[in-house]
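Read the structure below first, then the notes.
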Amino acid sequence: MHDNNPTNEISIPLERIHMKPTMAICQQDYPLDWYQDEFAPYAEEYQALPDRQLTTVLPWMKQYIQPAIDHFGSSLLLLAHYYMGGEIVNLIDYFGGEIGDSYQLALKAAHNPEKKIIVESAVHFMAETISILANEDQRVYITNPKSGCTMEKHAKDYMVEPAISDLNERYGKENILPICYMNTSGRIKALTGSQGGAVCTSSNVKKIFEWALQENKKILFIPDQHMGENVASWVGIPPEKIAYWPGGNEGAEYSLFKQDEKTLRQFDDAQLILFCSQCSVHTHMQPDMVHYWKDRGYNVVVHPESRKITVDAADCCGSTAFIQKHVTEDRANTKKYAVGTENHMVQNLKAQCEPLGIEVVHVADAPLTDFKGMGCGCATMSRNDPPHLVATLDLLRQGNALDANLVRPGDVVHETTGARERLDVAGQQWIVDNAKQALQRMIDITERA
């Protein structure tokens with residue numbers, strides 16, 4: 001905090017956003033039994049604070065976080081995703097951390113070998129991806145291991161393996177090319193890499209699909225259904241050349257060889273097979289919401305996890321990084337934007353754009369139904385609240401191993417209990433070896449001139 005600032009603002013220099021003291025923590029307080037036992041005392045202190053305004057919360061956080069920063073020095077790296085709440089994003093930034101999309105975060109450990117302790121405020125699959133690409137002497141921690149993703153939850157390895165197995169058996173392993181979205185576990189990334197496939201993100205998915213089409217194989221996209229349909233239209237795959245494998249537990253029980261002749265012909269003719277998991281936040285947005293804002297002069301930009309009919313109705317579509325630049329740089333020259341993505345990011349954009357004279361609204365806030373808007377944002381990502389960040393850093397400073405928060409390749413976390421299932425050393429190495437192949441293919445294709 002700078003002494004020459006006005007008393008009613010806290011400067012956040014890296015993002016050039018000013019946090020006003022009236023900004024409140026978006027996350028609701030969680031019951032104390034939702035916290036790990038060693039985290040509960042920090043949560044009790046936090047909940048005893050008189051309010052959730054930053055002028056109250058920041059000094060409480062700083063008494064724990066600053067000693068941790070001083071202790072670890074330049075070896076500490078704090079990370080957060082764009083989708084985290086504005087106050088968490090800004091606080092991570094305030095304490096010297098970095099913010100990024102899933103592609104940017106995945107590379108942070110590998111690109112910063114001097115950082116030995118990496119603490120991530122986001123969802124588990126992102127922390128796991130960082131750990132897969134990390135060096136052996138780097139440790140990756142997540143502030144709340146229960147912070148998951150509904151899309152990833154409905155594309156677990158036991159749900160996806162029947163699809164890969166049946167498709168390999170019917171068409172030959174050499175003719176099936178998996179592509180998995182970053183929003184998948186390390187186990188899915190490893191299955192993808194073991195069969196010559198690649199990972200993708202919302203920022204590079206078109207490039208990855210263009211590469212895959214040149215391989216002249218059937219593409220299995222894991223997941224999601226809506227992004228797959230959107231990208232298919234961008235690269236020229238017609239709807240009649242798409243087949244669908246159900247997501248979730250239905251996918252685990254689905255058998256290609258029990259389907260009728262019509263379904264089998266659909267798979268036989270398909271260029272693209274979609275594993276049908278999806279994002280519960282992005283699927284909420286509908287075309288009538290888009291039209292509401294367009295009719296009022298707003299430029300509408302949505303994320304490709306949205307339904308295809310919503311993407312088709314919008315002015316443009318892109319990744320979180322694309323949306324950030326499109327809006328903050330006023331690329332449509334409208335000064336008015338309706339954004340269709342996770343609400344934390346929309347609120348972050350709104351705060352960033354206010355001093356620029358750019359108005360930002362959420363697509364889903366169109367007053368067309370009794371629905372009261374998008375609320376606080378992704379419910380599972382919101383589980384990374386101030387007590388989790390404070391407790392993680394302070395306990396690590398004290399030498400606590402925090403095994404429940406340490407993320408290893410192949411880990412599976414029960415999102416209710418926080419219990420962590422960990423592979424043995426050989427299993428972890430198999431995940432690293434194969435997932436790295438899929439991730440490296442993504443990097444090579446993305447960065448190719």
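Ordered as shown in the structure tokens, chains take letters A, B, and onward, while each chain numbers its residues from 1 and ligands are numbered from 1 in the order shown.
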
Neighbour list for Thr416 in chain A as a PyMOL selection string, cut-off 10 Å, only C-alpha atoms, skip fewer than 6 positions in-chain: chain A and resi 34+145-147

Contacts of range 60-77 of chain A within 9 Å, only C-alpha atoms, excl. fewer than 6 positions in-chain, as an NGL selection string: :A and (45-46 or 49 or 95-98 or 108-109 or 112-120 or 386-387 or 389-391 or 393-398)

In range 212-363 of chain A, DSSP strand (DSSP E) residues written as a PyMOL selection string: chain A and resi 218-222+242-246+272-276+299-302+316-317+336-340+359-362

Give the alpha helix (DSSP H) residues of range 215-398 of chain A, as assigned by DSSP on the backbone, as a PDB file with C-alpha atoms, in the first residue's frame.
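Result file is selection-v6.pdb:
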```pdb
ATOM      1  CA  GLN A 225     -19.960 -30.861 -26.157  1.00  0.00           C
ATOM      2  CA  HIS A 226     -20.594 -27.163 -26.800  1.00  0.00           C
ATOM      3  CA  MET A 227     -17.020 -26.128 -27.468  1.00  0.00           C
ATOM      4  CA  GLY A 228     -16.702 -29.119 -29.784  1.00  0.00           C
ATOM      5  CA  GLU A 229     -19.765 -28.076 -31.776  1.00  0.00           C
ATOM      6  CA  ASN A 230     -18.495 -24.503 -31.988  1.00  0.00           C
ATOM      7  CA  VAL A 231     -15.010 -25.463 -33.138  1.00  0.00           C
ATOM      8  CA  ALA A 232     -16.407 -27.958 -35.625  1.00  0.00           C
ATOM      9  CA  SER A 233     -18.221 -25.110 -37.375  1.00  0.00           C
ATOM     10  CA  TRP A 234     -15.005 -23.032 -37.418  1.00  0.00           C
ATOM     11  CA  VAL A 235     -12.931 -25.772 -39.082  1.00  0.00           C
ATOM     12  CA  GLY A 248     -20.812 -38.601 -16.794  1.00  0.00           C
ATOM     13  CA  ASN A 249     -21.746 -41.996 -15.419  1.00  0.00           C
ATOM     14  CA  GLU A 250     -23.860 -42.637 -18.493  1.00  0.00           C
ATOM     15  CA  GLY A 251     -20.654 -42.464 -20.502  1.00  0.00           C
ATOM     16  CA  ALA A 252     -19.032 -45.030 -18.232  1.00  0.00           C
ATOM     17  CA  GLU A 253     -21.863 -47.477 -18.951  1.00  0.00           C
ATOM     18  CA  GLU A 261     -27.474 -49.630 -36.720  1.00  0.00           C
ATOM     19  CA  LYS A 262     -28.402 -45.971 -37.165  1.00  0.00           C
ATOM     20  CA  THR A 263     -26.189 -44.916 -34.230  1.00  0.00           C
ATOM     21  CA  LEU A 264     -23.337 -47.105 -35.453  1.00  0.00           C
ATOM     22  CA  ARG A 265     -23.551 -45.528 -38.911  1.00  0.00           C
ATOM     23  CA  GLN A 266     -23.344 -42.097 -37.241  1.00  0.00           C
ATOM     24  CA  PHE A 267     -20.117 -43.141 -35.525  1.00  0.00           C
ATOM     25  CA  ASP A 268     -18.792 -44.808 -38.667  1.00  0.00           C
ATOM     26  CA  ASP A 269     -19.333 -41.656 -40.727  1.00  0.00           C
ATOM     27  CA  PRO A 287     -29.691 -16.455 -27.645  1.00  0.00           C
ATOM     28  CA  ASP A 288     -32.546 -14.278 -26.375  1.00  0.00           C
ATOM     29  CA  MET A 289     -30.181 -12.846 -23.761  1.00  0.00           C
ATOM     30  CA  VAL A 290     -27.697 -12.013 -26.519  1.00  0.00           C
ATOM     31  CA  HIS A 291     -30.377 -10.321 -28.622  1.00  0.00           C
ATOM     32  CA  TYR A 292     -31.550  -8.256 -25.650  1.00  0.00           C
ATOM     33  CA  TRP A 293     -28.132  -6.601 -25.330  1.00  0.00           C
ATOM     34  CA  LYS A 294     -27.474  -6.310 -29.062  1.00  0.00           C
ATOM     35  CA  LYS A 308     -23.540 -23.027 -30.299  1.00  0.00           C
ATOM     36  CA  ILE A 309     -26.849 -21.213 -30.781  1.00  0.00           C
ATOM     37  CA  THR A 310     -25.645 -18.607 -28.267  1.00  0.00           C
ATOM     38  CA  VAL A 311     -22.250 -18.274 -29.929  1.00  0.00           C
ATOM     39  CA  ASP A 312     -23.911 -17.909 -33.335  1.00  0.00           C
ATOM     40  CA  ALA A 313     -26.091 -15.083 -32.001  1.00  0.00           C
ATOM     41  CA  THR A 320     -10.774 -15.532 -21.434  1.00  0.00           C
ATOM     42  CA  ALA A 321      -7.606 -13.814 -22.678  1.00  0.00           C
ATOM     43  CA  PHE A 322      -9.380 -12.815 -25.914  1.00  0.00           C
ATOM     44  CA  ILE A 323     -12.378 -11.467 -24.004  1.00  0.00           C
ATOM     45  CA  GLN A 324     -10.109  -9.493 -21.683  1.00  0.00           C
ATOM     46  CA  LYS A 325      -8.365  -7.737 -24.568  1.00  0.00           C
ATOM     47  CA  HIS A 326     -11.488  -7.342 -26.709  1.00  0.00           C
ATOM     48  CA  VAL A 327     -13.296  -5.458 -23.952  1.00  0.00           C
ATOM     49  CA  THR A 328     -10.517  -3.489 -22.267  1.00  0.00           C
ATOM     50  CA  ASN A 343     -19.292 -13.905 -13.523  1.00  0.00           C
ATOM     51  CA  HIS A 344     -16.136 -13.334 -11.485  1.00  0.00           C
ATOM     52  CA  MET A 345     -14.316 -12.423 -14.677  1.00  0.00           C
ATOM     53  CA  VAL A 346     -17.161 -10.176 -15.794  1.00  0.00           C
ATOM     54  CA  GLN A 347     -17.052  -8.320 -12.482  1.00  0.00           C
ATOM     55  CA  ASN A 348     -13.262  -8.014 -12.769  1.00  0.00           C
ATOM     56  CA  LEU A 349     -13.687  -6.548 -16.261  1.00  0.00           C
ATOM     57  CA  LYS A 350     -16.353  -4.168 -15.042  1.00  0.00           C
ATOM     58  CA  ALA A 351     -14.001  -2.810 -12.356  1.00  0.00           C
ATOM     59  CA  GLN A 352     -11.104  -2.562 -14.795  1.00  0.00           C
ATOM     60  CA  CYS A 353     -13.160  -0.828 -17.477  1.00  0.00           C
ATOM     61  CA  PRO A 386      -9.342 -15.550   1.944  1.00  0.00           C
ATOM     62  CA  PRO A 387      -9.020 -17.991   4.887  1.00  0.00           C
ATOM     63  CA  HIS A 388      -7.821 -20.740   2.537  1.00  0.00           C
ATOM     64  CA  LEU A 389      -5.128 -18.515   1.024  1.00  0.00           C
ATOM     65  CA  VAL A 390      -4.012 -17.204   4.421  1.00  0.00           C
ATOM     66  CA  ALA A 391      -3.933 -20.643   6.067  1.00  0.00           C
ATOM     67  CA  THR A 392      -2.030 -22.262   3.209  1.00  0.00           C
ATOM     68  CA  LEU A 393       0.734 -19.665   3.230  1.00  0.00           C
ATOM     69  CA  ASP A 394       1.038 -19.382   7.003  1.00  0.00           C
ATOM     70  CA  LEU A 395       1.120 -23.139   7.589  1.00  0.00           C
ATOM     71  CA  LEU A 396       3.676 -23.662   4.822  1.00  0.00           C
ATOM     72  CA  ARG A 397       5.804 -20.967   6.446  1.00  0.00           C
TER      73      ARG A 397
END
```

Counting only C-alpha atoms, the option among A:Cys316, A:Leu274, A:Ala401, A:Val301 closest to Val360 in chain A: A:Val301

9 Å contact set for Ile99 in chain A, only C-alpha atoms, chain neighbours under 2 positions out, as an MDAnalysis selection string: chainID A and resid 78:82 89:90 92:93 97 101 104:105

Neighbour list for Ile242 in chain A as a PDB file with C-alpha atoms, in the first residue's frame, cut-off 7 Å, only C-alpha atoms, skip fewer than 3 positions in-chain:
```pdb
ATOM      1  CA  PRO A 239     -23.109 -31.470 -38.017  1.00  0.00           C
ATOM      2  CA  ALA A 270     -18.163 -39.238 -38.056  1.00  0.00           C
ATOM      3  CA  GLN A 271     -15.062 -37.086 -38.317  1.00  0.00           C
ATOM      4  CA  LEU A 272     -15.594 -35.911 -34.745  1.00  0.00           C
ATOM      5  CA  ILE A 273     -16.852 -37.730 -31.650  1.00  0.00           C
TER       6      ILE A 273
END
```

Residues within 10 Å of Thr192 in chain A, only C-alpha atoms, excluding chain neighbours under 5 positions, as a PyMOL selection string: chain A and resi 164+177-180+186-187+197-199+220-222+434-435+437-439

d(CA of His362 in chain A, CA of Ile142 in chain A) in Å: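 These two atoms are separated by 28.5 Å.
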
Nearest to His414 in chain A by atom-to-atom distance, counting only C-alpha atoms, from A:Lys153, A:Glu44, A:Ala122, A:Thr446: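 That would be A:Lys153, the residue with the smallest distance to His414 in chain A.
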
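What separates CA of Thr143 in chain A from CA of Asp157 in chain A is a distance of 24.1 Å.
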
Counting only C-alpha atoms, the option among A:Lys335, A:Arg422, A:His154, A:Arg296 closest to Pro355 in chain A: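 Answer, going by the shortest atom-to-atom distance: A:Lys335.
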
Between CA of Gly100 in chain A and CA of Val361 in chain A - distance in Å to one decimal: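 Between CA of Val361 in chain A and CA of Gly100 in chain A the gap is 21.4 Å.
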